[in-house]
>>> print(open('structure-v1.cif').read())   # mmCIF, N, CA and C atoms
data_coords
#
loop_
_atom_site.label_atom_id
_atom_site.label_comp_id
_atom_site.auth_asym_id
_atom_site.auth_seq_id
_atom_site.Cartn_x
_atom_site.Cartn_y
_atom_site.Cartn_z
N GLN A 1 127.41 128.74 102.90
CA GLN A 1 126.12 128.08 102.75
C GLN A 1 126.22 126.64 103.22
N VAL A 2 125.23 126.19 103.94
CA VAL A 2 125.22 124.84 104.49
C VAL A 2 124.13 124.02 103.80
N GLN A 3 124.46 122.79 103.47
CA GLN A 3 123.49 121.88 102.86
C GLN A 3 123.39 120.59 103.65
N LEU A 4 122.18 120.05 103.71
CA LEU A 4 121.93 118.75 104.29
C LEU A 4 121.36 117.86 103.20
N VAL A 5 121.95 116.70 103.02
CA VAL A 5 121.50 115.78 101.99
C VAL A 5 121.20 114.44 102.63
N GLU A 6 119.93 114.01 102.53
CA GLU A 6 119.50 112.73 103.08
C GLU A 6 119.56 111.65 102.01
N SER A 7 119.68 110.43 102.47
CA SER A 7 119.60 109.26 101.59
C SER A 7 119.13 108.06 102.40
N GLY A 8 118.72 107.02 101.68
CA GLY A 8 118.38 105.77 102.35
C GLY A 8 116.91 105.43 102.42
N GLY A 9 116.05 106.33 101.99
CA GLY A 9 114.63 106.02 102.01
C GLY A 9 114.28 104.96 100.97
N GLY A 10 113.06 104.45 101.07
CA GLY A 10 112.62 103.46 100.11
C GLY A 10 111.36 102.77 100.57
N LEU A 11 111.04 101.70 99.86
CA LEU A 11 109.86 100.89 100.15
C LEU A 11 110.27 99.64 100.89
N VAL A 12 109.60 99.36 101.99
CA VAL A 12 109.95 98.19 102.80
C VAL A 12 108.66 97.60 103.37
N GLN A 13 108.68 96.31 103.59
CA GLN A 13 107.52 95.66 104.19
C GLN A 13 107.50 95.87 105.70
N ALA A 14 106.32 95.79 106.27
CA ALA A 14 106.20 95.90 107.71
C ALA A 14 107.10 94.88 108.39
N GLY A 15 107.77 95.32 109.45
CA GLY A 15 108.73 94.47 110.14
C GLY A 15 110.15 94.60 109.63
N GLY A 16 110.31 95.25 108.51
CA GLY A 16 111.62 95.41 107.91
C GLY A 16 112.41 96.56 108.52
N SER A 17 113.57 96.81 107.91
CA SER A 17 114.50 97.83 108.42
C SER A 17 115.02 98.71 107.30
N LEU A 18 115.39 99.92 107.66
CA LEU A 18 116.05 100.85 106.76
C LEU A 18 117.04 101.67 107.57
N THR A 19 118.05 102.20 106.88
CA THR A 19 118.95 103.15 107.51
C THR A 19 118.95 104.43 106.69
N LEU A 20 118.61 105.53 107.35
CA LEU A 20 118.66 106.83 106.71
C LEU A 20 119.96 107.53 107.10
N SER A 21 120.54 108.22 106.15
CA SER A 21 121.78 108.95 106.40
C SER A 21 121.63 110.40 105.97
N CYS A 22 122.34 111.27 106.66
CA CYS A 22 122.31 112.70 106.33
C CYS A 22 123.72 113.25 106.46
N VAL A 23 124.16 113.94 105.41
CA VAL A 23 125.47 114.57 105.41
C VAL A 23 125.31 116.08 105.46
N VAL A 24 126.02 116.71 106.38
CA VAL A 24 125.99 118.16 106.51
C VAL A 24 127.27 118.70 105.88
N SER A 25 127.13 119.60 104.92
CA SER A 25 128.31 120.13 104.24
C SER A 25 128.20 121.65 104.11
N GLY A 26 129.37 122.27 103.85
CA GLY A 26 129.38 123.71 103.66
C GLY A 26 130.20 124.40 104.74
N SER A 27 129.89 125.67 104.93
CA SER A 27 130.61 126.49 105.90
C SER A 27 130.04 126.25 107.29
N ILE A 28 130.67 125.33 108.01
CA ILE A 28 130.16 124.90 109.31
C ILE A 28 131.14 125.30 110.39
N TYR A 29 130.66 126.06 111.35
CA TYR A 29 131.50 126.39 112.51
C TYR A 29 131.31 125.34 113.60
N ARG A 30 130.05 125.09 113.91
CA ARG A 30 129.74 124.09 114.92
C ARG A 30 128.35 123.54 114.67
N ILE A 31 128.21 122.21 114.78
CA ILE A 31 126.89 121.58 114.68
C ILE A 31 126.43 121.25 116.09
N ASN A 32 125.34 121.82 116.49
CA ASN A 32 124.78 121.53 117.81
C ASN A 32 123.91 120.27 117.69
N ALA A 33 122.63 120.39 117.77
CA ALA A 33 121.78 119.22 117.69
C ALA A 33 121.54 118.80 116.23
N LEU A 34 121.42 117.50 116.04
CA LEU A 34 121.01 116.91 114.76
C LEU A 34 119.74 116.12 115.03
N SER A 35 118.79 116.25 114.14
CA SER A 35 117.50 115.60 114.37
C SER A 35 116.94 115.03 113.08
N TRP A 36 116.03 114.09 113.26
CA TRP A 36 115.20 113.58 112.18
C TRP A 36 113.75 113.88 112.50
N PHE A 37 113.07 114.45 111.53
CA PHE A 37 111.65 114.70 111.60
C PHE A 37 110.96 113.87 110.52
N ARG A 38 109.69 113.68 110.65
CA ARG A 38 108.94 113.03 109.58
C ARG A 38 107.58 113.70 109.42
N GLN A 39 107.09 113.58 108.20
CA GLN A 39 105.77 114.12 107.90
C GLN A 39 104.98 113.08 107.12
N ALA A 40 103.94 112.57 107.75
CA ALA A 40 103.07 111.60 107.10
C ALA A 40 102.06 112.35 106.24
N PRO A 41 101.51 111.68 105.24
CA PRO A 41 100.52 112.34 104.39
C PRO A 41 99.36 112.93 105.20
N GLY A 42 99.11 114.21 104.99
CA GLY A 42 98.00 114.87 105.66
C GLY A 42 98.24 115.24 107.10
N LYS A 43 99.46 115.04 107.57
CA LYS A 43 99.76 115.33 108.97
C LYS A 43 100.87 116.36 109.09
N GLN A 44 101.02 116.91 110.27
CA GLN A 44 102.08 117.88 110.51
C GLN A 44 103.42 117.17 110.70
N ARG A 45 104.47 117.91 110.42
CA ARG A 45 105.81 117.37 110.63
C ARG A 45 106.04 117.18 112.13
N GLU A 46 106.65 116.05 112.49
CA GLU A 46 106.90 115.75 113.89
C GLU A 46 108.34 115.34 114.11
N LEU A 47 108.84 115.62 115.30
CA LEU A 47 110.18 115.18 115.67
C LEU A 47 110.18 113.69 115.92
N VAL A 48 111.13 112.99 115.31
CA VAL A 48 111.28 111.55 115.52
C VAL A 48 112.38 111.27 116.53
N ALA A 49 113.56 111.86 116.31
CA ALA A 49 114.70 111.62 117.18
C ALA A 49 115.68 112.76 117.03
N SER A 50 116.42 113.00 118.10
CA SER A 50 117.45 114.04 118.06
C SER A 50 118.66 113.59 118.87
N ILE A 51 119.80 114.19 118.55
CA ILE A 51 121.03 113.87 119.25
C ILE A 51 121.87 115.14 119.39
N THR A 52 122.37 115.37 120.59
CA THR A 52 123.17 116.56 120.83
C THR A 52 124.62 116.32 120.41
N ALA A 53 125.41 117.37 120.47
CA ALA A 53 126.82 117.24 120.09
C ALA A 53 127.56 116.28 121.02
N SER A 54 127.12 116.16 122.25
CA SER A 54 127.76 115.27 123.21
C SER A 54 127.19 113.85 123.16
N GLY A 55 126.16 113.64 122.33
CA GLY A 55 125.65 112.29 122.16
C GLY A 55 124.37 111.96 122.91
N SER A 56 123.80 112.90 123.62
CA SER A 56 122.53 112.65 124.30
C SER A 56 121.42 112.54 123.27
N THR A 57 120.56 111.54 123.45
CA THR A 57 119.52 111.28 122.47
C THR A 57 118.12 111.46 123.05
N HIS A 58 117.19 111.72 122.15
CA HIS A 58 115.78 111.84 122.52
C HIS A 58 114.97 111.20 121.40
N TYR A 59 113.94 110.45 121.79
CA TYR A 59 113.07 109.79 120.81
C TYR A 59 111.61 110.09 121.14
N THR A 60 110.81 110.23 120.10
CA THR A 60 109.38 110.30 120.34
C THR A 60 108.90 108.92 120.78
N ASP A 61 107.86 108.88 121.58
CA ASP A 61 107.45 107.63 122.21
C ASP A 61 107.16 106.52 121.20
N SER A 62 106.61 106.86 120.06
CA SER A 62 106.17 105.84 119.10
C SER A 62 107.33 105.08 118.45
N VAL A 63 108.56 105.58 118.57
CA VAL A 63 109.69 104.90 117.92
C VAL A 63 110.70 104.37 118.93
N LYS A 64 110.47 104.61 120.21
CA LYS A 64 111.42 104.14 121.23
C LYS A 64 111.55 102.62 121.16
N GLY A 65 112.79 102.16 121.19
CA GLY A 65 113.05 100.73 121.11
C GLY A 65 113.12 100.19 119.69
N ARG A 66 112.73 101.00 118.71
CA ARG A 66 112.75 100.55 117.32
C ARG A 66 113.74 101.35 116.46
N PHE A 67 113.87 102.63 116.74
CA PHE A 67 114.76 103.49 115.96
C PHE A 67 115.97 103.87 116.81
N THR A 68 117.10 104.07 116.12
CA THR A 68 118.32 104.50 116.79
C THR A 68 118.98 105.61 115.99
N ILE A 69 119.24 106.72 116.66
CA ILE A 69 119.93 107.85 116.02
C ILE A 69 121.39 107.85 116.45
N SER A 70 122.27 108.16 115.51
CA SER A 70 123.70 108.23 115.82
C SER A 70 124.33 109.30 114.94
N ARG A 71 125.46 109.81 115.38
CA ARG A 71 126.14 110.84 114.60
C ARG A 71 127.64 110.60 114.62
N ASP A 72 128.29 111.08 113.56
CA ASP A 72 129.75 111.02 113.46
C ASP A 72 130.21 112.47 113.34
N ASN A 73 130.74 113.01 114.42
CA ASN A 73 131.13 114.41 114.43
C ASN A 73 132.30 114.70 113.50
N ALA A 74 133.13 113.73 113.26
CA ALA A 74 134.27 113.93 112.36
C ALA A 74 133.82 114.03 110.90
N LYS A 75 132.75 113.32 110.57
CA LYS A 75 132.26 113.30 109.19
C LYS A 75 131.05 114.20 108.98
N ASN A 76 130.55 114.80 110.06
CA ASN A 76 129.34 115.65 109.99
C ASN A 76 128.16 114.89 109.40
N THR A 77 127.93 113.72 109.92
CA THR A 77 126.82 112.90 109.46
C THR A 77 125.94 112.48 110.63
N VAL A 78 124.70 112.19 110.32
CA VAL A 78 123.77 111.64 111.29
C VAL A 78 122.97 110.56 110.60
N ASP A 79 122.84 109.42 111.27
CA ASP A 79 122.09 108.29 110.74
C ASP A 79 120.87 108.01 111.61
N LEU A 80 119.89 107.40 111.01
CA LEU A 80 118.72 106.93 111.75
C LEU A 80 118.47 105.50 111.32
N GLN A 81 118.64 104.57 112.23
CA GLN A 81 118.37 103.16 111.98
C GLN A 81 116.91 102.89 112.35
N LEU A 82 116.16 102.40 111.37
CA LEU A 82 114.74 102.15 111.57
C LEU A 82 114.51 100.64 111.54
N ASN A 83 114.10 100.07 112.64
CA ASN A 83 113.82 98.64 112.74
C ASN A 83 112.35 98.40 113.07
N SER A 84 111.91 97.19 112.82
CA SER A 84 110.52 96.80 113.12
C SER A 84 109.53 97.83 112.59
N LEU A 85 109.71 98.19 111.34
CA LEU A 85 108.91 99.25 110.75
C LEU A 85 107.44 98.88 110.66
N LYS A 86 106.61 99.90 110.83
CA LYS A 86 105.17 99.76 110.77
C LYS A 86 104.62 100.66 109.67
N PRO A 87 103.45 100.35 109.14
CA PRO A 87 102.86 101.24 108.13
C PRO A 87 102.72 102.68 108.62
N ASP A 88 102.49 102.87 109.91
CA ASP A 88 102.37 104.23 110.46
C ASP A 88 103.69 105.01 110.40
N ASP A 89 104.79 104.33 110.12
CA ASP A 89 106.08 105.02 110.00
C ASP A 89 106.25 105.64 108.61
N THR A 90 105.32 105.40 107.73
CA THR A 90 105.40 105.95 106.37
C THR A 90 105.38 107.47 106.40
N GLY A 91 106.24 108.07 105.57
CA GLY A 91 106.27 109.52 105.47
C GLY A 91 107.57 110.02 104.89
N ASP A 92 107.64 111.33 104.73
CA ASP A 92 108.89 111.96 104.32
C ASP A 92 109.71 112.24 105.56
N TYR A 93 110.95 111.80 105.54
CA TYR A 93 111.85 111.98 106.68
C TYR A 93 112.85 113.09 106.35
N TYR A 94 112.95 114.06 107.26
CA TYR A 94 113.79 115.22 107.06
C TYR A 94 114.89 115.29 108.11
N CYS A 95 116.08 115.59 107.64
CA CYS A 95 117.21 115.83 108.52
C CYS A 95 117.20 117.32 108.91
N ASN A 96 117.55 117.59 110.15
CA ASN A 96 117.57 118.97 110.66
C ASN A 96 118.84 119.18 111.47
N ALA A 97 119.49 120.30 111.23
CA ALA A 97 120.70 120.62 111.97
C ALA A 97 120.55 122.01 112.59
N VAL A 98 121.00 122.12 113.82
CA VAL A 98 121.06 123.41 114.50
C VAL A 98 122.53 123.78 114.60
N LEU A 99 122.90 124.86 113.93
CA LEU A 99 124.31 125.24 113.81
C LEU A 99 124.64 126.40 114.74
N GLY A 100 125.86 126.40 115.22
CA GLY A 100 126.30 127.50 116.05
C GLY A 100 127.43 128.25 115.40
N PRO A 101 127.71 129.50 115.87
CA PRO A 101 126.90 130.25 116.84
C PRO A 101 125.62 130.79 116.20
N GLY A 102 124.68 131.16 117.04
CA GLY A 102 123.46 131.76 116.53
C GLY A 102 122.30 130.80 116.40
N TYR A 103 122.57 129.51 116.56
CA TYR A 103 121.51 128.49 116.51
C TYR A 103 120.70 128.58 115.22
N LEU A 104 121.40 128.63 114.09
CA LEU A 104 120.76 128.60 112.77
C LEU A 104 120.23 127.21 112.49
N GLU A 105 119.01 127.13 112.03
CA GLU A 105 118.37 125.85 111.76
C GLU A 105 118.36 125.61 110.25
N VAL A 106 118.83 124.43 109.84
CA VAL A 106 118.88 124.09 108.42
C VAL A 106 118.20 122.75 108.21
N TRP A 107 117.49 122.62 107.08
CA TRP A 107 116.74 121.41 106.75
C TRP A 107 117.25 120.77 105.47
N GLY A 108 117.13 119.45 105.43
CA GLY A 108 117.37 118.74 104.19
C GLY A 108 116.12 118.72 103.35
N GLN A 109 116.21 118.08 102.19
CA GLN A 109 115.10 118.07 101.24
C GLN A 109 114.12 116.93 101.50
N GLY A 110 114.53 115.99 102.33
CA GLY A 110 113.65 114.88 102.69
C GLY A 110 113.91 113.63 101.88
N THR A 111 113.60 112.51 102.50
CA THR A 111 113.67 111.21 101.83
C THR A 111 112.43 110.41 102.23
N LEU A 112 111.83 109.76 101.26
CA LEU A 112 110.54 109.09 101.48
C LEU A 112 110.73 107.67 101.98
N VAL A 113 110.03 107.35 103.05
CA VAL A 113 109.97 105.99 103.57
C VAL A 113 108.53 105.50 103.44
N THR A 114 108.38 104.38 102.78
CA THR A 114 107.05 103.79 102.61
C THR A 114 107.07 102.38 103.18
N VAL A 115 106.20 102.11 104.13
CA VAL A 115 106.12 100.80 104.76
C VAL A 115 104.80 100.16 104.37
N SER A 116 104.90 99.03 103.69
CA SER A 116 103.68 98.34 103.24
C SER A 116 103.26 97.28 104.25
N SER A 117 101.96 97.06 104.33
CA SER A 117 101.45 96.09 105.31
C SER A 117 101.36 94.70 104.74
#
>>> encode(input="structure-v1.cif", output="structure tokens")
Amino acid sequence: QVQLVESGGGLVQAGGSLTLSCVVSGSIYRINALSWFRQAPGKQRELVASITASGSTHYTDSVKGRFTISRDNAKNTVDLQLNSLKPDDTGDYYCNAVLGPGYLEVWGQGTLVTVSS
């Protein structure tokens, strides 16, 4: 069984920063992509950033230049550095891992980020 546990959410003023962390534990053969998604109140969950096993990254346009995703393959962790936060960044942030073989998708329980104006 594989578990993802996020941490680092909280309340921050606009313009501030936070770092979200996610630890992947359990019976892991291979971790392919690691991603962060977010879900704002009343909206659908959206992809924020992803990183492949080789380190290639992808960001949604609204966070480019402000957020940075990184991973430590030795520790099975993925971080998301959030800078220059805006109220629109408020939401539940979820860690997502695609595991191999078979491309099994696993989700964390989420961590809340609230940005006040």
>>> closest_residue(input="structure-v1.cif", among="A:Val78, A:Leu4, A:Ala33, A:Val63", to="Ile51 in chain A", atoms="all atoms listed in the file")
A:Ala33
>>> residues_around(input="structure-v1.cif", residues="Ser27 in chain A", least_positions_apart="2", cutoff="6 Å", atoms="all atoms listed in the file", output="list in words")
Gln1, Val2, Ser25 and Tyr29 of chain A
>>> residues_around(input="structure-v1.cif", residues="range 73-76 of chain A", least_positions_apart="3", cutoff="8 Å", atoms="all atoms listed in the file", output="VMD selection string")
chain A and resid 22 to 25 31 53 70 79
>>> residues_around(input="structure-v1.cif", residues="Thr111 in chain A", least_positions_apart="2", cutoff="6 Å", atoms="only C-alpha atoms", output="ChimeraX atom specification")
/A:9,92-93
>>> residues_around(input="structure-v1.cif", residues="Ser35 in chain A", least_positions_apart="2", cutoff="6 Å", atoms="only N, CA and C atoms", output="VMD selection string")
chain A and resid 33 37 49 to 51 94 to 97
>>> closest_residue(input="structure-v1.cif", among="A:Val113, A:Arg45, A:Gly10, A:Ser21", to="Asp89 in chain A", atoms="all atoms listed in the file")
A:Val113
>>> resolve_selection(input="structure-v1.cif", expression="the PyMOL selection byres (((chain A and resi 114 and name CA) around 10) and name CA)", output="PyMOL selection string")
chain A and resi 9-14+40+85-92+111-113+115-117
>>> write_last_selection(input="structure-v1.cif", atoms="N, CA and C atoms", output="compact mmCIF listing (two decimals), keeping the file's coordinate frame")
# COMPACT_ATOMS: atom_id res chain seq x y z
N GLY A 9 116.05 106.33 101.99
CA GLY A 9 114.63 106.02 102.01
C GLY A 9 114.28 104.96 100.97
N GLY A 10 113.06 104.45 101.07
CA GLY A 10 112.62 103.46 100.11
C GLY A 10 111.36 102.77 100.57
N LEU A 11 111.04 101.70 99.86
CA LEU A 11 109.86 100.89 100.15
C LEU A 11 110.27 99.64 100.89
N VAL A 12 109.60 99.36 101.99
CA VAL A 12 109.95 98.19 102.80
C VAL A 12 108.66 97.60 103.37
N GLN A 13 108.68 96.31 103.59
CA GLN A 13 107.52 95.66 104.19
C GLN A 13 107.50 95.87 105.70
N ALA A 14 106.32 95.79 106.27
CA ALA A 14 106.20 95.90 107.71
C ALA A 14 107.10 94.88 108.39
N ALA A 40 103.94 112.57 107.75
CA ALA A 40 103.07 111.60 107.10
C ALA A 40 102.06 112.35 106.24
N LEU A 85 109.71 98.19 111.34
CA LEU A 85 108.91 99.25 110.75
C LEU A 85 107.44 98.88 110.66
N LYS A 86 106.61 99.90 110.83
CA LYS A 86 105.17 99.76 110.77
C LYS A 86 104.62 100.66 109.67
N PRO A 87 103.45 100.35 109.14
CA PRO A 87 102.86 101.24 108.13
C PRO A 87 102.72 102.68 108.62
N ASP A 88 102.49 102.87 109.91
CA ASP A 88 102.37 104.23 110.46
C ASP A 88 103.69 105.01 110.40
N ASP A 89 104.79 104.33 110.12
CA ASP A 89 106.08 105.02 110.00
C ASP A 89 106.25 105.64 108.61
N THR A 90 105.32 105.40 107.73
CA THR A 90 105.40 105.95 106.37
C THR A 90 105.38 107.47 106.40
N GLY A 91 106.24 108.07 105.57
CA GLY A 91 106.27 109.52 105.47
C GLY A 91 107.57 110.02 104.89
N ASP A 92 107.64 111.33 104.73
CA ASP A 92 108.89 111.96 104.32
C ASP A 92 109.71 112.24 105.56
N THR A 111 113.60 112.51 102.50
CA THR A 111 113.67 111.21 101.83
C THR A 111 112.43 110.41 102.23
N LEU A 112 111.83 109.76 101.26
CA LEU A 112 110.54 109.09 101.48
C LEU A 112 110.73 107.67 101.98
N VAL A 113 110.03 107.35 103.05
CA VAL A 113 109.97 105.99 103.57
C VAL A 113 108.53 105.50 103.44
N VAL A 115 106.20 102.11 104.13
CA VAL A 115 106.12 100.80 104.76
C VAL A 115 104.80 100.16 104.37
N SER A 116 104.90 99.03 103.69
CA SER A 116 103.68 98.34 103.24
C SER A 116 103.26 97.28 104.25
N SER A 117 101.96 97.06 104.33
CA SER A 117 101.45 96.09 105.31
C SER A 117 101.36 94.70 104.74
>>> select_by_dssp(input="structure-v1.cif", residues="chain A", states="strand (DSSP E or B)", output="ChimeraX atom specification")
/A:2-7,10-13,18-26,30-39,46-51,57-59,67-72,77-82,91-100,104-107,111-116
>>> residues_around(input="structure-v1.cif", residues="Leu82 in chain A", least_positions_apart="6", cutoff="6 Å", atoms="only N, CA and C atoms", output="PyMOL selection string")
chain A and resi 16-20+66-68
>>> select_by_dssp(input="structure-v1.cif", residues="chain A", states="helix (DSSP H, G or I)", output="list in words")
Asp61, Ser62, Val63, Pro87, Asp88 and Asp89 of chain A
>>> atom_distance(input="structure-v1.cif", atom1="CA of Ser56 in chain A", atom2="atom N of Gln39 in chain A")
22.3 Å
>>> atom_distance(input="structure-v1.cif", atom1="CA of Gly26 in chain A", atom2="CA of Thr57 in chain A")
24.6 Å
>>> atom_distance(input="structure-v1.cif", atom1="CA of Gly100 in chain A", atom2="CA of Leu80 in chain A")
22.3 Å
>>> residues_near_point(input="structure-v1.cif", point="(109.0, 112.2, 118.5)", cutoff="6 Å", atoms="only C-alpha atoms", output="ChimeraX atom specification")
/A:47-49,59-60
>>> build_atoms(input="structure-v1.cif", residues="range 90-100 of chain A", atoms="all heavy atoms", output="PDB file, in the coordinates of the input")
ATOM      1  N   THR A  90     105.320 105.400 107.730  1.00  0.00           N
ATOM      2  CA  THR A  90     105.400 105.950 106.370  1.00  0.00           C
ATOM      3  C   THR A  90     105.380 107.470 106.400  1.00  0.00           C
ATOM      4  O   THR A  90     104.612 108.080 107.144  1.00  0.00           O
ATOM      5  CB  THR A  90     104.221 105.434 105.535  1.00  0.00           C
ATOM      6  OG1 THR A  90     104.380 104.025 105.340  1.00  0.00           O
ATOM      7  CG2 THR A  90     104.177 106.123 104.174  1.00  0.00           C
ATOM      8  N   GLY A  91     106.240 108.070 105.570  1.00  0.00           N
ATOM      9  CA  GLY A  91     106.270 109.520 105.470  1.00  0.00           C
ATOM     10  C   GLY A  91     107.570 110.020 104.890  1.00  0.00           C
ATOM     11  O   GLY A  91     108.480 109.235 104.599  1.00  0.00           O
ATOM     12  N   ASP A  92     107.640 111.330 104.730  1.00  0.00           N
ATOM     13  CA  ASP A  92     108.890 111.960 104.320  1.00  0.00           C
ATOM     14  C   ASP A  92     109.710 112.240 105.560  1.00  0.00           C
ATOM     15  O   ASP A  92     109.217 112.845 106.520  1.00  0.00           O
ATOM     16  CB  ASP A  92     108.603 113.274 103.582  1.00  0.00           C
ATOM     17  CG  ASP A  92     108.016 113.059 102.205  1.00  0.00           C
ATOM     18  OD1 ASP A  92     108.683 112.385 101.393  1.00  0.00           O
ATOM     19  OD2 ASP A  92     106.910 113.548 101.939  1.00  0.00           O
ATOM     20  N   TYR A  93     110.950 111.800 105.540  1.00  0.00           N
ATOM     21  CA  TYR A  93     111.850 111.980 106.680  1.00  0.00           C
ATOM     22  C   TYR A  93     112.850 113.090 106.350  1.00  0.00           C
ATOM     23  O   TYR A  93     113.508 113.045 105.302  1.00  0.00           O
ATOM     24  CB  TYR A  93     112.571 110.670 107.007  1.00  0.00           C
ATOM     25  CG  TYR A  93     111.700 109.696 107.748  1.00  0.00           C
ATOM     26  CD1 TYR A  93     110.622 109.074 107.113  1.00  0.00           C
ATOM     27  CD2 TYR A  93     111.926 109.402 109.088  1.00  0.00           C
ATOM     28  CE1 TYR A  93     109.794 108.191 107.805  1.00  0.00           C
ATOM     29  CE2 TYR A  93     111.104 108.512 109.788  1.00  0.00           C
ATOM     30  CZ  TYR A  93     110.051 107.916 109.140  1.00  0.00           C
ATOM     31  OH  TYR A  93     109.238 107.036 109.826  1.00  0.00           O
ATOM     32  N   TYR A  94     112.950 114.060 107.260  1.00  0.00           N
ATOM     33  CA  TYR A  94     113.790 115.220 107.060  1.00  0.00           C
ATOM     34  C   TYR A  94     114.890 115.290 108.110  1.00  0.00           C
ATOM     35  O   TYR A  94     114.640 115.110 109.301  1.00  0.00           O
ATOM     36  CB  TYR A  94     112.957 116.501 107.146  1.00  0.00           C
ATOM     37  CG  TYR A  94     111.899 116.630 106.083  1.00  0.00           C
ATOM     38  CD1 TYR A  94     110.615 116.123 106.286  1.00  0.00           C
ATOM     39  CD2 TYR A  94     112.165 117.266 104.875  1.00  0.00           C
ATOM     40  CE1 TYR A  94     109.630 116.240 105.322  1.00  0.00           C
ATOM     41  CE2 TYR A  94     111.191 117.392 103.903  1.00  0.00           C
ATOM     42  CZ  TYR A  94     109.933 116.870 104.133  1.00  0.00           C
ATOM     43  OH  TYR A  94     108.961 116.997 103.161  1.00  0.00           O
ATOM     44  N   CYS A  95     116.080 115.590 107.640  1.00  0.00           N
ATOM     45  CA  CYS A  95     117.210 115.830 108.520  1.00  0.00           C
ATOM     46  C   CYS A  95     117.200 117.320 108.910  1.00  0.00           C
ATOM     47  O   CYS A  95     116.921 118.180 108.066  1.00  0.00           O
ATOM     48  CB  CYS A  95     118.497 115.464 107.791  1.00  0.00           C
ATOM     49  SG  CYS A  95     120.003 115.681 108.738  1.00  0.00           S
ATOM     50  N   ASN A  96     117.550 117.590 110.150  1.00  0.00           N
ATOM     51  CA  ASN A  96     117.570 118.970 110.660  1.00  0.00           C
ATOM     52  C   ASN A  96     118.840 119.180 111.470  1.00  0.00           C
ATOM     53  O   ASN A  96     119.212 118.324 112.279  1.00  0.00           O
ATOM     54  CB  ASN A  96     116.335 119.203 111.532  1.00  0.00           C
ATOM     55  CG  ASN A  96     116.358 120.525 112.260  1.00  0.00           C
ATOM     56  OD1 ASN A  96     117.031 120.667 113.279  1.00  0.00           O
ATOM     57  ND2 ASN A  96     115.621 121.485 111.754  1.00  0.00           N
ATOM     58  N   ALA A  97     119.490 120.300 111.230  1.00  0.00           N
ATOM     59  CA  ALA A  97     120.700 120.620 111.970  1.00  0.00           C
ATOM     60  C   ALA A  97     120.550 122.010 112.590  1.00  0.00           C
ATOM     61  O   ALA A  97     120.062 122.939 111.940  1.00  0.00           O
ATOM     62  CB  ALA A  97     121.920 120.596 111.050  1.00  0.00           C
ATOM     63  N   VAL A  98     121.000 122.120 113.820  1.00  0.00           N
ATOM     64  CA  VAL A  98     121.060 123.410 114.500  1.00  0.00           C
ATOM     65  C   VAL A  98     122.530 123.780 114.600  1.00  0.00           C
ATOM     66  O   VAL A  98     123.315 123.063 115.247  1.00  0.00           O
ATOM     67  CB  VAL A  98     120.412 123.362 115.891  1.00  0.00           C
ATOM     68  CG1 VAL A  98     120.567 124.707 116.590  1.00  0.00           C
ATOM     69  CG2 VAL A  98     118.939 122.986 115.772  1.00  0.00           C
ATOM     70  N   LEU A  99     122.900 124.860 113.930  1.00  0.00           N
ATOM     71  CA  LEU A  99     124.310 125.240 113.810  1.00  0.00           C
ATOM     72  C   LEU A  99     124.640 126.400 114.740  1.00  0.00           C
ATOM     73  O   LEU A  99     123.802 127.270 114.993  1.00  0.00           O
ATOM     74  CB  LEU A  99     124.604 125.627 112.364  1.00  0.00           C
ATOM     75  CG  LEU A  99     124.181 124.630 111.298  1.00  0.00           C
ATOM     76  CD1 LEU A  99     124.452 125.209 109.919  1.00  0.00           C
ATOM     77  CD2 LEU A  99     124.871 123.306 111.480  1.00  0.00           C
ATOM     78  N   GLY A 100     125.860 126.400 115.220  1.00  0.00           N
ATOM     79  CA  GLY A 100     126.300 127.500 116.050  1.00  0.00           C
ATOM     80  C   GLY A 100     127.430 128.250 115.400  1.00  0.00           C
ATOM     81  O   GLY A 100     128.103 127.722 114.523  1.00  0.00           O
TER      82      GLY A 100
END
